[in-house]
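**Q** Provided below: entry_12.cif, containing mmCIF, C-alpha atoms.
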data_query
loop_
_atom_site.label_atom_id
_atom_site.label_comp_id
_atom_site.auth_asym_id
_atom_site.auth_seq_id
_atom_site.Cartn_x
_atom_site.Cartn_y
_atom_site.Cartn_z
CA MET A 11 0.00 0.00 0.00
CA ALA A 12 1.22 3.50 -0.80
CA VAL A 13 -0.19 6.97 -0.26
CA ILE A 14 0.70 9.63 -2.82
CA ASP A 15 -0.95 13.07 -2.84
CA GLY A 16 -3.94 11.77 -0.91
CA THR A 17 -4.49 8.78 -3.20
CA VAL A 18 -4.22 5.39 -1.53
CA SER A 19 -2.78 2.82 -3.90
CA LEU A 20 -3.16 -0.91 -3.25
CA ARG A 21 -1.47 -3.68 -5.19
CA VAL A 22 -2.99 -7.10 -4.49
CA LEU A 23 -2.98 -10.48 -6.22
CA GLY A 24 -6.41 -12.01 -6.83
CA ALA A 25 -10.01 -10.91 -6.41
CA ALA A 26 -10.73 -12.27 -2.94
CA PRO A 27 -7.68 -10.76 -1.23
CA ALA A 28 -8.20 -7.52 -3.15
CA ALA A 29 -11.79 -7.25 -1.95
CA ALA A 30 -10.73 -7.95 1.62
CA VAL A 31 -7.94 -5.37 1.50
CA ALA A 32 -9.96 -2.73 -0.35
CA GLU A 33 -13.08 -2.90 1.85
CA PRO A 34 -11.70 -1.16 4.98
CA VAL A 35 -9.93 1.45 2.83
CA LEU A 36 -13.12 2.22 0.90
CA LEU A 37 -15.20 2.40 4.07
CA ALA A 38 -12.73 4.62 5.93
CA LEU A 39 -12.02 7.03 3.07
CA GLY A 40 -15.65 7.04 1.95
CA ALA A 41 -16.71 7.93 5.49
CA ARG A 42 -14.33 10.86 5.50
CA ALA A 43 -15.64 12.00 2.11
CA GLY A 44 -19.11 12.16 3.69
CA LEU A 45 -20.76 9.20 1.94
CA ASP A 46 -23.73 7.74 3.81
CA VAL A 47 -23.81 4.08 4.81
CA ALA A 48 -25.97 3.00 1.86
CA ALA A 49 -23.60 4.71 -0.60
CA LEU A 50 -20.58 3.17 1.13
CA ASP A 51 -22.20 -0.22 0.96
CA GLU A 52 -23.05 0.00 -2.74
CA LEU A 53 -19.59 1.35 -3.57
CA VAL A 54 -17.99 -1.69 -1.93
CA MET A 55 -20.46 -3.97 -3.75
CA ALA A 56 -19.55 -2.30 -7.05
CA VAL A 57 -15.81 -2.73 -6.51
CA GLU A 58 -16.33 -6.37 -5.49
CA LEU A 59 -18.36 -6.93 -8.66
CA ALA A 60 -15.77 -5.23 -10.87
CA ILE A 61 -12.82 -7.22 -9.59
CA ARG A 62 -14.46 -10.64 -9.45
CA GLY A 63 -12.54 -13.28 -11.30
CA ALA A 64 -9.38 -11.16 -11.49
CA GLY A 65 -6.34 -13.41 -11.47
CA ARG A 66 -3.53 -10.99 -12.10
CA PRO A 67 -2.08 -8.49 -9.61
CA LEU A 68 -4.61 -5.67 -9.29
CA VAL A 69 -3.86 -2.03 -8.66
CA ILE A 70 -6.65 -0.23 -6.83
CA GLU A 71 -6.28 3.53 -6.39
CA VAL A 72 -8.70 5.27 -4.04
CA THR A 73 -8.90 9.08 -4.13
CA PRO A 74 -11.10 10.92 -1.62
CA ASP A 75 -12.47 14.37 -2.33
CA GLU A 76 -15.10 16.53 -0.66
CA GLY A 77 -18.33 14.59 -1.05
CA ARG A 78 -16.86 12.11 -3.51
CA LEU A 79 -14.70 8.98 -3.68
CA THR A 80 -13.04 7.81 -6.89
CA VAL A 81 -11.75 4.26 -7.28
CA ALA A 82 -9.57 3.26 -10.24
CA VAL A 83 -9.01 -0.47 -10.77
CA ARG A 84 -6.73 -2.15 -13.30
CA PRO A 85 -6.29 -4.63 -14.92
CA LEU A 86 -9.74 -6.22 -15.02
CA GLU A 87 -11.16 -8.97 -17.16
CA PRO A 88 -12.86 -7.13 -20.09
CA GLU A 89 -15.50 -9.84 -20.47
CA GLY A 90 -16.37 -9.71 -16.78
CA LEU A 91 -16.52 -5.91 -16.87
CA ARG A 92 -18.81 -5.96 -19.87
CA ALA A 93 -21.11 -8.44 -18.16
CA CYS A 94 -21.55 -6.44 -14.97
CA GLY A 95 -21.16 -2.93 -16.40
CA GLN A 96 -24.88 -2.15 -16.28
CA ALA A 97 -25.13 -3.29 -12.68
CA LEU A 98 -22.12 -1.15 -11.76
CA ARG A 99 -23.74 1.91 -13.33
CA ARG A 100 -26.81 1.45 -11.16
CA LEU A 101 -24.87 0.96 -7.95
CA VAL A 102 -22.61 4.03 -8.14
CA THR A 103 -22.73 7.60 -9.45
CA ASP A 104 -20.49 7.08 -12.44
CA VAL A 105 -18.44 4.34 -14.10
CA GLU A 106 -15.87 4.78 -16.83
CA ILE A 107 -14.62 1.63 -18.50
CA ASP A 108 -11.35 2.15 -20.34
CA GLY A 109 -9.86 -0.96 -21.91
CA ASP A 110 -9.03 -3.30 -19.07
CA GLY A 111 -9.58 -0.73 -16.33
CA ALA A 112 -12.50 0.96 -14.63
CA GLY A 113 -12.97 4.26 -12.85
CA ILE A 114 -15.76 4.10 -10.28
CA VAL A 115 -17.11 7.28 -8.70
CA MET A 116 -19.50 7.58 -5.78
CA ARG A 117 -20.82 10.96 -4.67
CA ALA A 118 -22.51 11.85 -1.41
CA GLY A 119 -26.20 12.76 -1.39
CA MET B 20 -50.61 -2.42 20.93
CA PRO B 21 -49.79 -6.16 21.28
CA ALA B 22 -50.76 -8.02 24.44
CA ASP B 23 -47.38 -9.67 24.96
CA PRO B 24 -44.68 -7.53 26.64
CA ALA B 25 -42.05 -8.42 24.04
CA GLY B 26 -44.45 -7.39 21.28
CA ARG B 27 -45.04 -4.04 22.95
CA LEU B 28 -41.29 -3.48 23.24
CA ALA B 29 -40.83 -4.45 19.59
CA VAL B 30 -43.40 -1.86 18.49
CA LEU B 31 -41.63 0.82 20.53
CA ALA B 32 -38.24 -0.32 19.23
CA ALA B 33 -39.46 -0.17 15.64
CA ALA B 34 -40.55 3.42 16.30
CA GLY B 35 -36.96 4.30 17.26
CA ASP B 36 -37.03 3.83 21.04
CA GLY B 37 -33.43 2.84 21.84
CA ALA B 38 -34.23 1.90 25.44
CA ALA B 39 -36.97 -0.44 24.23
CA LYS B 40 -34.47 -2.08 21.87
CA ALA B 41 -32.02 -2.70 24.70
CA GLU B 42 -34.81 -4.00 26.95
CA LEU B 43 -36.07 -6.27 24.18
CA VAL B 44 -32.64 -7.84 23.65
CA LYS B 45 -32.38 -8.31 27.43
CA ARG B 46 -35.84 -9.84 27.63
CA MET B 47 -35.13 -12.23 24.77
CA SER B 48 -31.70 -13.23 26.07
CA PRO B 49 -32.85 -16.26 28.14
CA LEU B 50 -34.53 -17.78 25.06
CA VAL B 51 -31.60 -16.91 22.82
CA GLY B 52 -29.22 -18.25 25.47
CA ARG B 53 -31.00 -21.60 25.65
CA LEU B 54 -30.83 -22.01 21.88
CA ALA B 55 -27.19 -20.93 21.87
CA GLY B 56 -26.44 -23.48 24.61
CA ARG B 57 -27.86 -26.27 22.46
CA MET B 58 -25.97 -25.20 19.34
CA ALA B 59 -22.63 -24.32 20.97
CA SER B 60 -19.55 -26.37 20.10
CA ALA B 61 -15.79 -26.11 20.38
CA ARG B 62 -15.78 -24.36 16.99
CA VAL B 63 -18.68 -21.99 17.69
CA PRO B 64 -18.69 -20.66 21.25
CA ARG B 65 -21.96 -20.00 23.03
CA GLN B 66 -21.18 -16.31 23.47
CA ASP B 67 -20.73 -15.86 19.72
CA LEU B 68 -24.06 -17.59 19.08
CA GLU B 69 -25.77 -15.36 21.65
CA GLN B 70 -24.43 -12.28 19.89
CA ALA B 71 -25.62 -13.58 16.52
CA GLY B 72 -29.02 -14.30 18.08
CA ALA B 73 -29.23 -10.73 19.43
CA VAL B 74 -28.55 -9.39 15.92
CA GLY B 75 -31.38 -11.61 14.68
CA VAL B 76 -33.76 -10.29 17.33
CA LEU B 77 -33.00 -6.70 16.32
CA ALA B 78 -33.47 -7.57 12.64
CA ALA B 79 -36.88 -9.06 13.47
CA VAL B 80 -38.09 -5.77 14.94
CA ASP B 81 -38.28 -4.14 11.51
CA GLY B 82 -40.62 -6.66 9.96
CA PHE B 83 -42.80 -7.45 12.98
CA ASP B 84 -46.48 -6.71 12.41
CA PRO B 85 -48.54 -7.12 15.62
CA ASP B 86 -51.77 -7.10 13.61
CA ARG B 87 -50.94 -10.54 12.24
CA GLY B 88 -51.51 -11.99 15.68
CA ALA B 89 -48.17 -13.77 16.14
CA ALA B 90 -46.29 -13.27 19.40
CA PHE B 91 -43.03 -11.41 18.92
CA GLU B 92 -41.03 -14.09 20.75
CA SER B 93 -41.93 -16.83 18.29
CA TYR B 94 -41.57 -14.44 15.32
CA ALA B 95 -38.13 -13.23 16.43
CA MET B 96 -36.85 -16.70 17.19
CA ARG B 97 -36.84 -17.51 13.47
CA TYR B 98 -34.53 -14.55 12.84
CA ALA B 99 -32.35 -15.37 15.84
CA LEU B 100 -32.09 -19.00 14.74
CA GLY B 101 -31.28 -17.92 11.21
CA GLU B 102 -28.35 -15.82 12.37
CA MET B 103 -27.14 -18.53 14.73
CA ARG B 104 -27.41 -21.28 12.13
CA ALA B 105 -25.60 -19.13 9.58
CA LEU B 106 -22.80 -18.65 12.09
CA ALA B 107 -22.73 -22.32 13.05
CA ARG B 108 -22.47 -23.62 9.52
CA GLY B 109 -19.82 -21.08 8.69
CA ALA B 110 -22.12 -19.24 6.28
CA ALA B 111 -20.68 -15.87 7.26
CA ALA B 112 -18.42 -14.64 4.48
CA VAL B 113 -15.67 -13.82 6.95
CA HIS B 114 -15.09 -14.64 10.59
CA VAL B 115 -16.59 -11.86 12.67
CA SER B 116 -15.18 -11.52 16.15
CA ARG B 117 -17.42 -11.05 19.14
CA THR B 118 -16.28 -7.43 19.38
CA GLY B 119 -17.12 -6.99 15.72
CA ARG B 120 -20.62 -8.36 16.26
CA ASP B 121 -21.14 -6.05 19.25
CA LEU B 122 -20.12 -3.09 17.11
CA ALA B 123 -22.28 -4.31 14.22
CA ALA B 124 -25.33 -4.48 16.49
CA ALA B 125 -24.64 -0.99 17.89
CA VAL B 126 -24.07 0.48 14.43
CA GLU B 127 -27.18 -1.18 13.02
CA ALA B 128 -29.35 0.06 15.89
CA ALA B 129 -28.06 3.64 15.58
CA ALA B 130 -28.39 3.62 11.78
CA ALA B 131 -31.97 2.33 12.00
CA ASP B 132 -32.91 5.07 14.48
CA LEU B 133 -31.33 7.82 12.38
CA THR B 134 -32.91 6.56 9.17
CA ALA B 135 -36.31 6.45 10.83
CA GLU B 136 -35.86 10.04 12.02
CA SER B 137 -34.58 11.60 8.80
CA GLY B 138 -35.78 9.22 6.09
CA ALA B 139 -32.26 9.02 4.68
CA PRO B 140 -29.32 6.74 5.47
CA PRO B 141 -26.88 8.31 7.93
CA THR B 142 -23.18 9.05 7.53
CA VAL B 143 -20.49 7.42 9.65
CA ASP B 144 -20.12 10.67 11.65
CA GLU B 145 -23.83 10.70 12.44
CA ILE B 146 -23.75 7.08 13.59
CA ALA B 147 -20.70 7.83 15.74
CA ASP B 148 -22.48 10.77 17.38
CA ARG B 149 -25.60 8.73 18.07
CA SER B 150 -23.92 5.53 19.28
CA GLY B 151 -21.04 7.04 21.26
CA LEU B 152 -18.54 5.08 19.16
CA ASP B 153 -15.59 6.65 17.37
CA GLU B 154 -15.28 6.69 13.58
CA GLU B 155 -12.92 3.69 13.51
CA GLN B 156 -15.31 1.63 15.63
CA VAL B 157 -18.22 2.51 13.35
CA VAL B 158 -16.21 1.42 10.30
CA THR B 159 -15.31 -1.81 12.10
CA GLY B 160 -18.99 -2.34 12.88
CA LEU B 161 -19.92 -1.71 9.24
CA ARG B 162 -17.34 -4.28 8.11
CA ALA B 163 -18.57 -6.82 10.63
CA ARG B 164 -22.16 -6.21 9.57
CA ARG B 165 -21.27 -6.84 5.93
CA GLY B 166 -19.70 -10.15 6.95
CA LEU B 167 -22.85 -11.42 8.62
CA ALA B 168 -25.11 -13.61 6.52
CA PRO B 169 -28.62 -12.30 5.83
CA PRO B 170 -31.22 -13.66 8.26
CA ALA B 171 -32.65 -16.94 7.06
CA GLY B 172 -36.14 -16.11 8.32
CA GLY B 173 -38.61 -13.58 7.04
CA GLN B 174 -38.79 -14.88 3.50
CA ASP B 175 -42.55 -15.29 3.62
CA GLU B 176 -43.02 -11.70 4.72
CA LEU B 177 -40.73 -10.46 1.98
CA LEU B 178 -42.78 -12.23 -0.64
CA GLU B 179 -46.13 -10.89 0.52
CA ALA B 180 -47.86 -7.71 -0.67
CA HIS B 181 -46.16 -4.75 -2.39
CA GLY B 182 -46.85 -6.00 -5.91
CA GLY B 183 -45.30 -4.61 -9.05
CA TRP B 184 -41.88 -6.13 -8.67
CA GLU B 185 -42.76 -9.18 -10.76
CA ASP B 186 -43.07 -6.98 -13.84
CA ALA B 187 -39.62 -5.59 -13.13
CA ILE B 188 -37.96 -8.99 -13.54
CA GLU B 189 -37.97 -8.70 -17.32
CA GLN B 190 -36.62 -5.14 -17.12
CA VAL B 191 -33.79 -6.31 -14.91
CA GLU B 192 -32.88 -9.18 -17.22
CA ARG B 193 -32.67 -6.72 -20.09
CA ARG B 194 -30.95 -3.87 -18.24
CA LEU B 195 -28.35 -5.98 -16.48
CA ASP B 196 -27.86 -8.27 -19.46
CA VAL B 197 -28.14 -11.35 -17.27
CA GLY B 198 -30.43 -13.34 -19.57
CA ARG B 199 -32.56 -15.85 -17.68
CA ARG B 200 -30.13 -16.19 -14.79
CA LEU B 201 -32.33 -13.99 -12.60
CA GLU B 202 -35.06 -16.61 -12.69
CA GLU B 203 -32.64 -19.11 -11.22
CA LEU B 204 -32.27 -17.07 -8.04
CA ASP B 205 -34.41 -17.82 -5.02
CA PRO B 206 -37.61 -15.74 -4.83
CA ARG B 207 -36.30 -13.47 -2.06
CA SER B 208 -33.19 -12.58 -4.05
CA GLN B 209 -35.23 -12.07 -7.23
CA ARG B 210 -37.44 -9.62 -5.45
CA ILE B 211 -34.60 -7.58 -3.96
CA VAL B 212 -32.77 -7.38 -7.29
CA ALA B 213 -35.99 -6.48 -9.13
CA MET B 214 -36.75 -3.66 -6.70
CA ARG B 215 -33.20 -2.25 -6.73
CA PHE B 216 -32.38 -2.58 -10.44
CA GLY B 217 -35.81 -2.86 -12.08
CA LEU B 218 -37.91 -0.39 -10.09
CA GLU B 219 -34.67 1.51 -9.36
CA LEU B 220 -35.53 2.01 -5.72
CA SER B 221 -32.79 2.94 -3.27
CA GLN B 222 -31.97 0.61 -0.42
CA THR B 223 -33.79 2.98 1.94
CA GLU B 224 -36.90 2.99 -0.25
CA ILE B 225 -36.88 -0.80 -0.42
CA ALA B 226 -36.48 -0.94 3.35
CA GLU B 227 -39.50 1.34 3.80
CA ARG B 228 -41.65 -0.75 1.46
CA LEU B 229 -40.73 -4.03 3.12
CA GLY B 230 -40.71 -2.73 6.68
CA ILE B 231 -37.12 -3.82 7.31
CA SER B 232 -33.89 -1.88 7.91
CA GLN B 233 -31.64 -0.50 5.16
CA MET B 234 -28.85 -2.65 6.52
CA HIS B 235 -31.06 -5.72 6.25
CA VAL B 236 -31.75 -4.79 2.61
CA SER B 237 -28.02 -4.36 2.08
CA ARG B 238 -27.26 -7.88 3.30
CA LEU B 239 -30.01 -9.34 1.12
CA LEU B 240 -28.86 -7.39 -1.93
CA ARG B 241 -25.24 -8.41 -1.47
CA ALA B 242 -26.23 -12.07 -1.11
CA ALA B 243 -28.40 -11.78 -4.24
CA LEU B 244 -25.58 -10.23 -6.28
CA GLU B 245 -23.24 -12.98 -5.12
CA GLN B 246 -25.77 -15.54 -6.36
CA LEU B 247 -26.29 -13.67 -9.62
CA TRP B 248 -22.64 -13.16 -10.53
CA GLY B 249 -20.91 -15.81 -8.46
CA GLU B 250 -21.19 -18.55 -11.05
CA GLU B 251 -18.94 -16.64 -13.40
CA GLU B 252 -16.04 -16.70 -10.98
#
Can I see the file as structure tokens?

**A**
Amino acid sequence: MAVIDGTVSLRVLGAAPAAAVAEPVLLALGARAGLDVAALDELVMAVELAIRGAGRPLVIEVTPDEGRLTVAVRPLEPEGLRACGQALRRLVTDVEIDGDGAGIVMRAG
Amino acid sequence: MPADPAGRLAVLAAAGDGAAKAELVKRMSPLVGRLAGRMASARVPRQDLEQAGAVGVLAAVDGFDPDRGAAFESYAMRYALGEMRALARGAAAVHVSRTGRDLAAAVEAAAADLTAESGAPPTVDEIADRSGLDEEQVVTGLRARRGLAPPAGGQDELLEAHGGWEDAIEQVERRLDVGRRLEELDPRSQRIVAMRFGLELSQTEIAERLGISQMHVSRLLRAALEQLWGEEE
């Protein structure tokens, strides 16, 4: 784990460990960004969905801002991302899928 | 108001009375304790089962309807048993320590009170203020809560009334591009997914419609998504 300019960067091998490592970071930074518990919960669900099936080392970058948390994840399985993309878009405020990566944004309120 | 004392406490607890909630858990503890004593083993200590049972009792408060004539004790026991069985068979996604379960129960109770008051889910700061916990403890409680399995009971209640969700199944299959996989889910999971992604209701709105807590909805939704997408892993 590294922290650079307020962005927490995690490098983890495999989906299950990545979800376990990312969850407390997302909850803590999301809380400080002012997200409510339902938003926090759906953000974690979205990240868990996005990274499922990942077998390669994942880099997860979490950037808090006032009233907003941005999570960048790479590399992801393109087929898996395509399959759950619509669900992701309904769980969080915004999702940008770029090749084998995804940017997931959750805003407060 | 129900005739049985536990039922009266449950009604008050559902209306946001924190003291009634505490009294209800205390009142139910001998029953929960007896069940925990029967189920305890070297792998699953009695105290852990009692804590899981208390979480089940609190979850039962949200869906209890005294007009149906059932005593709260028998109604809540299904929820308590569900939580205890889930713990005993290792159904929880992660091991949740006793401290974690205590924090989860405190966080869930505070969040339910705050949601009932404002109609919106609270922030971590608001839960901390209400519960007397610090931010780190609230986050620990939230993590522990996510690790608990959804209560096994209450399925019948979830499937009654509040029509309209059946029509949303087709919308969900189309919107989420999941084909017919949604129909393979159990009815409770189908309904939660249809309400969240078909009717596009928030967790809080679903909770209001079903008479359960937002955190209860969250656990059901997470379990449903795991069923829906898990096969691809």

**Q** Would you list which chain B residues are within 6 Å of chain A using all atoms listed in the file, as a list in words?

**A**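 Therefore, the residues near the partner are Pro140, Pro141, Thr142, Val143, Leu195 and Glu252 of chain B.
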
**Q** Atom CA of A:Ile61 to atom CA of A:Val81: how many Å, to one decimal?

**A** 11.8 Å

**Q** Check the smallest atom-to-atom distance from each of A:Leu91, A:Val13, A:Val102, A:Ala28 to B:Trp248 using all atoms listed in the file, then report the winner.

**A** A:Leu91

**Q** To one decimal place in Å, what is the distance between atom CA of B:Met96 and atom CA of B:Ala128?

**A** 18.4 Å

**Q** What's the separation between atom CA of A:Leu20 and atom CA of B:Met234, in Å to one decimal place?

**A**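 Interatomic distance, atom CA of A:Leu20 to atom CA of B:Met234: 27.5 Å.
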
**Q** Using only C-alpha atoms, pick whichever of B:Gly151, B:Pro21, B:Pro206, B:Gly217 has the shortest atom-to-atom distance to B:Phe83.

**A**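 Checking each candidate against B:Phe83, we get B:Pro21 as the closest.
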
**Q** Using only C-alpha atoms, which of the listed residues (A:Val105, A:Leu79, A:Leu53, A:Met116) sits closest to A:Gly16?

**A**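 For A:Gly16, the nearest of the given residues is A:Leu79.
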
**Q** Near A:Val69, within 6 Å and counting only C-alpha atoms, which residues show up once chain neighbours fewer than 2 positions away are dropped, as a list in words?

**A**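 Near A:Val69, the qualifying residues are Leu20, Arg21, Val83 and Arg84 of chain A.
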
**Q** Could you tell me which of A:Ala26, A:Ile14, A:Leu39, A:Ala112 comes closest to A:Arg66 if we count only C-alpha atoms?

**A**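 Distance minimum relative to A:Arg66 lands on A:Ala26.
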
**Q** Taking the file above as input, evaluate the PyMOL selection byres ((chain B and resi 76) around 7) and report the hits as a PDB file with C-alpha atoms, keeping the file's coordinate frame.

**A**
ATOM      1  CA  VAL B  44     -32.640  -7.840  23.650  1.00  0.00           C
ATOM      2  CA  GLY B  72     -29.020 -14.300  18.080  1.00  0.00           C
ATOM      3  CA  ALA B  73     -29.230 -10.730  19.430  1.00  0.00           C
ATOM      4  CA  VAL B  74     -28.550  -9.390  15.920  1.00  0.00           C
ATOM      5  CA  GLY B  75     -31.380 -11.610  14.680  1.00  0.00           C
ATOM      6  CA  LEU B  77     -33.000  -6.700  16.320  1.00  0.00           C
ATOM      7  CA  ALA B  78     -33.470  -7.570  12.640  1.00  0.00           C
ATOM      8  CA  ALA B  79     -36.880  -9.060  13.470  1.00  0.00           C
ATOM      9  CA  VAL B  80     -38.090  -5.770  14.940  1.00  0.00           C
ATOM     10  CA  ALA B  95     -38.130 -13.230  16.430  1.00  0.00           C
ATOM     11  CA  TYR B  98     -34.530 -14.550  12.840  1.00  0.00           C
ATOM     12  CA  ALA B  99     -32.350 -15.370  15.840  1.00  0.00           C
TER      13      ALA B  99
END
